[in-house]
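Read through the structure below, which is laid out as structure tokens, and then see the notes.
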Amino acid sequence: MIKQFFGKLRLSVSSVCIPLQAASDPMGRKLYYDETLIQPAMKKLDDYRLLIDSKEYAPIMIGGMGVDISTPEMALEGARLGGIAHLSDALICAVSDRYLKTNYVKDRFAKNKASAHLSNKSFAQFDLQEVAEATRNLVSSTMEKKKGPGDIFINLMEKLTMNNPRETLHARLIGALDGGIDGISLGAGLHLSSFDLIKDHPRFRDAKLGIIVSSQRALKLFLKRTARLKRNPDFIVVEGPLAGGHLGFGLDDWFNYDLKTITQEVMELLKKESLSIPVIPAGGIFTGSDAVELIEAGASAVQVATRFTITKESGLPEKAKQAYFEAKEEDIVVNLVSPTGYPMRMLAQSPCIGAGIKPNCESMGYILDREGNCSYIEAYQQAKELQPDNISVKEKTCLCTQMRAYRTWTCGHSTSRLKETSQRMDDGTFRILTTEEVFNDYLYGTNK
């Protein structure tokens with residue numbers, strides 16, 4: 001019997017189901033299936049479940065993509081579908097302005113503009129109460145709309161030093177917990193003191209708290225610190241070298257590592273320490289079959305992101321989504337243009353590369369270190385001295401301003417495969433998928 005799937009679209013980018021005729025389904029793809037031809041032995045991601053602190057989820061975690069690529073709308077969809085989806089704390093005050101009509105960025109500039117000519121930006125301190133308030137309100141406004149069996153987490157990054165690393169991180173952590181977030185993923189840093197910052201919060205042992213690591217060593221350091229509080233993480237995300245955006249590896253050696261090996265090393269450490277904590281690999285997991293392979297090897301779920309960047313719910317503008325679809329393998333580069341010092345994977349066509357935009361720390365300043373410095377400011381001043389009438393900064397980018405404007409096109413290693421998942425329309429563009437379609441493709445897809 002030939003069956004066309006409606007409702008829950010169980011489609012795979014390279015399905016075991018056989019195309020039988022040249023006709024289009026509701027997604028515009030020529031995919032009709034004969035149920036008798038489906039290989040019964042093939043395991044699907046939907047055959048597994050993630051268990052965190054006695055709560056069961058579909059084994060899919062949608063990563064936190066900033067700035068505002070992981071929108072509240074995407075997070076709500078992920079939770080509705082039974083998985084875990086993230087908000088991102090990147091430029092949290094600017095994101096609050098976008099959704100909640102606050103004026104944090106405008107007010108910050110008004111406060112600091114008189115000192116904008118100074119190269120050192122130590123004067124541009126964030127108002128900690130505003131940072132906590134922006135985080136709390138964005139989280140609570142999202143959580144109020146949440147439906148379905150899944151959860152919404154937020155990715156909180158230590159490397160967002162914000163001119164006052166410890167106190168601004170504390171404000172974001174407290175704001176997220178006060179806003180009712182289901183869980184927090186600690187990323188972009190070792191977070192050796194993060195649990196200490198919230199140990200007295202009433203939700204410290206109630207909210208689901210996890211860490212993102214890229215090595216066994218990083219996890220060992222984190223567990224050593226949390227053991228003092230007798231509070232282990234509820235989950236561990238292992239981010240490999242094929243992930244998008246900032247990487248926890250060196251520019252010259254990231255290609256010497258692989259996700260499977262690091263994941264196994266993390267699980268071996270947990271076994272040695274007699275700890276039963278879900279391990280969730282991330283980076284380069286493009287299909288449901290990729291995910292099944294990792295779960296069969298001992299993982300509890302997977303974190304995925306790249307395929308969600310081009311969904312309807314993604315915050316990326318249409319132009320950027322189409323650029324992701326059009327990307328070729330050679331367009332995906334790892335460079336050091338980020339002023340954080342971390343290597344970053346992105347599209348070579350990113351408009352931010354080589355741009356000579358004036359530093360905007362008076363309004364933003366999320367990458368300023370505790371002394372008020374940012375490597376982009378130095379790079380900009382050098383470029384300005386060389387060519388004052390045509391400034392082009394090659395070495396670094398003004399990450400805050402460029403990411404807020406969606407001009408920094410960070411992406412995963414498998415971005416060039418996105419075109420396999422959609423169909424080119426008559427006008428030459430690719431059809432934009434929904435979060436539900438991509439989520440279900442991971443759940444029910446059976447081929448590479």
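Residues are referred to by chain and number: the chain letter is A, B, ... according to the order shown in the structure tokens, the number counts from 1 in that chain, and ligands are numbered separately from 1 in the order shown.
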
I'd like to know which residues of range 32-203 of chain A are strand (DSSP E) (by DSSP, run on the backbone); could you write them as a PDB file with N, CA and C atoms, in the first residue's frame?
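Final output, selection00.pdb:
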```pdb
ATOM      1  N   TYR A  33       6.083   6.832  -0.299  1.00  0.00           N
ATOM      2  CA  TYR A  33       6.691   5.663   0.314  1.00  0.00           C
ATOM      3  C   TYR A  33       5.818   4.419   0.219  1.00  0.00           C
ATOM      4  N   ASP A  34       6.453   3.306  -0.051  1.00  0.00           N
ATOM      5  CA  ASP A  34       5.802   2.015   0.013  1.00  0.00           C
ATOM      6  C   ASP A  34       6.216   1.389   1.336  1.00  0.00           C
ATOM      7  N   LEU A  50      15.609  10.283  25.987  1.00  0.00           N
ATOM      8  CA  LEU A  50      16.560  10.903  26.908  1.00  0.00           C
ATOM      9  C   LEU A  50      15.891  11.030  28.268  1.00  0.00           C
ATOM     10  N   LEU A  51      16.620  10.677  29.306  1.00  0.00           N
ATOM     11  CA  LEU A  51      16.105  10.778  30.666  1.00  0.00           C
ATOM     12  C   LEU A  51      17.015  11.691  31.472  1.00  0.00           C
ATOM     13  N   ILE A  52      16.469  12.815  31.935  1.00  0.00           N
ATOM     14  CA  ILE A  52      17.208  13.725  32.810  1.00  0.00           C
ATOM     15  C   ILE A  52      16.395  13.909  34.083  1.00  0.00           C
ATOM     16  N   LYS A  55      12.788  12.812  34.100  1.00  0.00           N
ATOM     17  CA  LYS A  55      11.898  13.305  33.052  1.00  0.00           C
ATOM     18  C   LYS A  55      12.357  12.785  31.692  1.00  0.00           C
ATOM     19  N   GLU A  56      11.399  12.367  30.874  1.00  0.00           N
ATOM     20  CA  GLU A  56      11.700  11.753  29.585  1.00  0.00           C
ATOM     21  C   GLU A  56      11.489  12.754  28.445  1.00  0.00           C
ATOM     22  N   TYR A  57      12.420  12.717  27.478  1.00  0.00           N
ATOM     23  CA  TYR A  57      12.351  13.602  26.319  1.00  0.00           C
ATOM     24  C   TYR A  57      12.641  12.816  25.042  1.00  0.00           C
ATOM     25  N   ILE A  60      16.504  14.772  21.319  1.00  0.00           N
ATOM     26  CA  ILE A  60      16.993  15.869  20.486  1.00  0.00           C
ATOM     27  C   ILE A  60      17.072  17.135  21.321  1.00  0.00           C
ATOM     28  N   MET A  61      18.252  17.726  21.328  1.00  0.00           N
ATOM     29  CA  MET A  61      18.463  19.019  21.969  1.00  0.00           C
ATOM     30  C   MET A  61      18.853  20.003  20.869  1.00  0.00           C
ATOM     31  N   ILE A  62      18.066  21.058  20.694  1.00  0.00           N
ATOM     32  CA  ILE A  62      18.404  22.090  19.711  1.00  0.00           C
ATOM     33  C   ILE A  62      19.324  23.088  20.384  1.00  0.00           C
ATOM     34  N   ILE A  84      14.294  19.183  23.819  1.00  0.00           N
ATOM     35  CA  ILE A  84      14.824  20.312  24.581  1.00  0.00           C
ATOM     36  C   ILE A  84      15.356  21.312  23.565  1.00  0.00           C
ATOM     37  N   ALA A  85      14.996  22.565  23.717  1.00  0.00           N
ATOM     38  CA  ALA A  85      15.471  23.610  22.818  1.00  0.00           C
ATOM     39  C   ALA A  85      15.967  24.791  23.634  1.00  0.00           C
ATOM     40  N   HIS A  86      16.954  25.468  23.089  1.00  0.00           N
ATOM     41  CA  HIS A  86      17.624  26.542  23.819  1.00  0.00           C
ATOM     42  C   HIS A  86      17.248  27.938  23.337  1.00  0.00           C
ATOM     43  N   LEU A  87      17.252  28.850  24.269  1.00  0.00           N
ATOM     44  CA  LEU A  87      17.465  30.256  23.994  1.00  0.00           C
ATOM     45  C   LEU A  87      18.971  30.501  24.107  1.00  0.00           C
ATOM     46  N   SER A  88      19.430  31.649  23.629  1.00  0.00           N
ATOM     47  CA  SER A  88      20.835  32.023  23.788  1.00  0.00           C
ATOM     48  C   SER A  88      20.913  33.328  24.555  1.00  0.00           C
ATOM     49  N   ASP A 151      11.199  20.727  27.175  1.00  0.00           N
ATOM     50  CA  ASP A 151      11.696  21.788  28.045  1.00  0.00           C
ATOM     51  C   ASP A 151      12.425  22.855  27.242  1.00  0.00           C
ATOM     52  N   ILE A 152      12.573  24.024  27.856  1.00  0.00           N
ATOM     53  CA  ILE A 152      13.336  25.118  27.281  1.00  0.00           C
ATOM     54  C   ILE A 152      14.514  25.430  28.194  1.00  0.00           C
ATOM     55  N   PHE A 153      15.713  25.392  27.629  1.00  0.00           N
ATOM     56  CA  PHE A 153      16.933  25.721  28.345  1.00  0.00           C
ATOM     57  C   PHE A 153      17.482  27.032  27.772  1.00  0.00           C
ATOM     58  N   ILE A 154      18.494  27.562  28.434  1.00  0.00           N
ATOM     59  CA  ILE A 154      19.215  28.722  27.900  1.00  0.00           C
ATOM     60  C   ILE A 154      20.705  28.426  27.931  1.00  0.00           C
ATOM     61  N   ASN A 155      21.397  28.817  26.869  1.00  0.00           N
ATOM     62  CA  ASN A 155      22.845  28.651  26.776  1.00  0.00           C
ATOM     63  C   ASN A 155      23.499  29.914  27.330  1.00  0.00           C
ATOM     64  N   LEU A 156      24.212  29.788  28.453  1.00  0.00           N
ATOM     65  CA  LEU A 156      24.868  30.930  29.095  1.00  0.00           C
ATOM     66  C   LEU A 156      26.380  30.820  28.905  1.00  0.00           C
ATOM     67  N   MET A 157      26.968  31.842  28.301  1.00  0.00           N
ATOM     68  CA  MET A 157      28.364  31.779  27.879  1.00  0.00           C
ATOM     69  C   MET A 157      29.292  32.565  28.802  1.00  0.00           C
ATOM     70  N   GLY A 183      16.162  24.784  32.306  1.00  0.00           N
ATOM     71  CA  GLY A 183      17.528  24.326  32.475  1.00  0.00           C
ATOM     72  C   GLY A 183      18.524  25.306  31.891  1.00  0.00           C
ATOM     73  N   ILE A 184      19.789  25.155  32.279  1.00  0.00           N
ATOM     74  CA  ILE A 184      20.866  26.026  31.815  1.00  0.00           C
ATOM     75  C   ILE A 184      22.006  25.164  31.295  1.00  0.00           C
ATOM     76  N   SER A 185      22.477  25.487  30.085  1.00  0.00           N
ATOM     77  CA  SER A 185      23.682  24.869  29.534  1.00  0.00           C
ATOM     78  C   SER A 185      24.808  25.885  29.636  1.00  0.00           C
ATOM     79  N   LEU A 186      25.844  25.550  30.374  1.00  0.00           N
ATOM     80  CA  LEU A 186      26.979  26.447  30.568  1.00  0.00           C
ATOM     81  C   LEU A 186      27.979  26.222  29.443  1.00  0.00           C
ATOM     82  N   GLY A 187      28.178  27.234  28.598  1.00  0.00           N
ATOM     83  CA  GLY A 187      29.044  27.074  27.442  1.00  0.00           C
ATOM     84  C   GLY A 187      30.104  28.152  27.344  1.00  0.00           C
TER      85      GLY A 187
END
```

### Message
Give me the residues near range 138-146 of chain A as a list in words, where near means some atom within 6 Å (using only C-alpha atoms) and where sequence neighbours in that chain fewer than 2 positions away do not count.
### Response
Pro72, Leu76, Thr135, Arg136 and Gly179 of chain A

### Message
Which residues are near Ile211 in chain A? Cut-off 12 Å, only C-alpha atoms, ignore same chain within fewer than 6 positions. Put them as a ChimeraX atom specification.
### Response
/A:154-158,183-192,194-195,218-223,226,232-239,277-281

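Across the structure, CA of Ser375 in chain A and CA of Gly354 in chain A are spaced 14.7 Å apart.
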
For Ile198 in chain A, work out the shell of residues within 10 Å, counting only C-alpha atoms and skipping chain neighbours fewer than 2 positions away, then give it as a PDB file with N, CA and C atoms, in the first residue's frame.
```
ATOM      1  N   HIS A 170      26.955  36.189  36.746  1.00  0.00           N
ATOM      2  CA  HIS A 170      26.069  35.962  37.895  1.00  0.00           C
ATOM      3  C   HIS A 170      24.688  36.556  37.633  1.00  0.00           C
ATOM      4  N   ALA A 171      24.652  37.769  37.068  1.00  0.00           N
ATOM      5  CA  ALA A 171      23.371  38.423  36.786  1.00  0.00           C
ATOM      6  C   ALA A 171      22.553  37.620  35.778  1.00  0.00           C
ATOM      7  N   LEU A 173      22.811  34.339  35.124  1.00  0.00           N
ATOM      8  CA  LEU A 173      22.404  33.075  35.751  1.00  0.00           C
ATOM      9  C   LEU A 173      21.186  33.282  36.656  1.00  0.00           C
ATOM     10  N   ILE A 174      21.254  34.280  37.497  1.00  0.00           N
ATOM     11  CA  ILE A 174      20.147  34.560  38.412  1.00  0.00           C
ATOM     12  C   ILE A 174      18.896  34.956  37.636  1.00  0.00           C
ATOM     13  N   LEU A 177      17.238  31.840  36.134  1.00  0.00           N
ATOM     14  CA  LEU A 177      16.565  31.020  37.142  1.00  0.00           C
ATOM     15  C   LEU A 177      15.306  31.714  37.655  1.00  0.00           C
ATOM     16  N   SER A 193      33.553  28.382  38.353  1.00  0.00           N
ATOM     17  CA  SER A 193      32.915  29.044  39.502  1.00  0.00           C
ATOM     18  C   SER A 193      31.418  29.244  39.317  1.00  0.00           C
ATOM     19  N   SER A 194      30.861  28.776  38.208  1.00  0.00           N
ATOM     20  CA  SER A 194      29.460  29.102  37.900  1.00  0.00           C
ATOM     21  C   SER A 194      28.479  28.498  38.895  1.00  0.00           C
ATOM     22  N   PHE A 195      28.706  27.267  39.323  1.00  0.00           N
ATOM     23  CA  PHE A 195      27.812  26.679  40.312  1.00  0.00           C
ATOM     24  C   PHE A 195      27.899  27.437  41.634  1.00  0.00           C
ATOM     25  N   ASP A 196      29.099  27.908  41.974  1.00  0.00           N
ATOM     26  CA  ASP A 196      29.258  28.692  43.203  1.00  0.00           C
ATOM     27  C   ASP A 196      28.423  29.968  43.152  1.00  0.00           C
ATOM     28  N   ASP A 200      23.280  29.482  46.315  1.00  0.00           N
ATOM     29  CA  ASP A 200      22.286  29.900  47.303  1.00  0.00           C
ATOM     30  C   ASP A 200      20.924  30.205  46.693  1.00  0.00           C
ATOM     31  N   HIS A 201      20.810  30.054  45.390  1.00  0.00           N
ATOM     32  CA  HIS A 201      19.521  30.297  44.743  1.00  0.00           C
ATOM     33  C   HIS A 201      18.562  29.155  45.066  1.00  0.00           C
ATOM     34  N   PRO A 202      17.301  29.450  45.341  1.00  0.00           N
ATOM     35  CA  PRO A 202      16.357  28.383  45.704  1.00  0.00           C
ATOM     36  C   PRO A 202      16.157  27.321  44.612  1.00  0.00           C
ATOM     37  N   ARG A 203      16.519  27.623  43.372  1.00  0.00           N
ATOM     38  CA  ARG A 203      16.348  26.654  42.294  1.00  0.00           C
ATOM     39  C   ARG A 203      17.655  25.941  41.920  1.00  0.00           C
ATOM     40  N   PHE A 204      18.696  26.116  42.732  1.00  0.00           N
ATOM     41  CA  PHE A 204      20.000  25.534  42.420  1.00  0.00           C
ATOM     42  C   PHE A 204      19.934  24.019  42.241  1.00  0.00           C
ATOM     43  N   ARG A 205      19.151  23.360  43.061  1.00  0.00           N
ATOM     44  CA  ARG A 205      19.050  21.891  42.949  1.00  0.00           C
ATOM     45  C   ARG A 205      17.775  21.454  42.242  1.00  0.00           C
TER      46      ARG A 205
END
```

### Distance criterion (only C-alpha atoms): nearest to Asp253 in chain A out of A:Ala134, A:Ala355, A:Val334, A:Leu209
A:Val334

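Residue neighbourhood of Cys374 in chain A, excluding near-sequence residues (fewer than 6 positions): Ser119, Asn120, Lys121, Asn163, Pro339, Thr340, Pro359, Cys361, Gly365, Tyr366, Ile367, Leu368 and Cys398 of chain A, at 10 Å, using only C-alpha atoms.
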
Write to file, as a JSON list (two decimals), in the first residue's frame, the residues of the selection just made, with C-alpha atoms.
```json
[["chain", "number", "residue", "atom", "x", "y", "z"],
["A", 119, "SER", "CA", 40.19, 53.51, 23.21],
["A", 120, "ASN", "CA", 39.89, 51.83, 26.58],
["A", 121, "LYS", "CA", 36.24, 51.06, 27.35],
["A", 163, "ASN", "CA", 33.66, 44.31, 31.08],
["A", 339, "PRO", "CA", 37.86, 38.96, 19.24],
["A", 340, "THR", "CA", 37.19, 36.28, 21.85],
["A", 359, "PRO", "CA", 33.68, 49.81, 17.44],
["A", 361, "CYS", "CA", 31.21, 49.22, 22.77],
["A", 365, "GLY", "CA", 30.55, 45.78, 24.65],
["A", 366, "TYR", "CA", 29.73, 42.14, 25.36],
["A", 367, "ILE", "CA", 33.28, 41.00, 24.53],
["A", 368, "LEU", "CA", 35.11, 43.62, 26.61],
["A", 398, "CYS", "CA", 33.25, 43.78, 15.62]]
```

### Query
Which polymer residues have any atom within 10 Å of an atom of Pro343 in chain A, counting only C-alpha atoms, with same-chain residues fewer than 4 positions away left out, as a ChimeraX atom specification?
/A:245-252,254,333-339
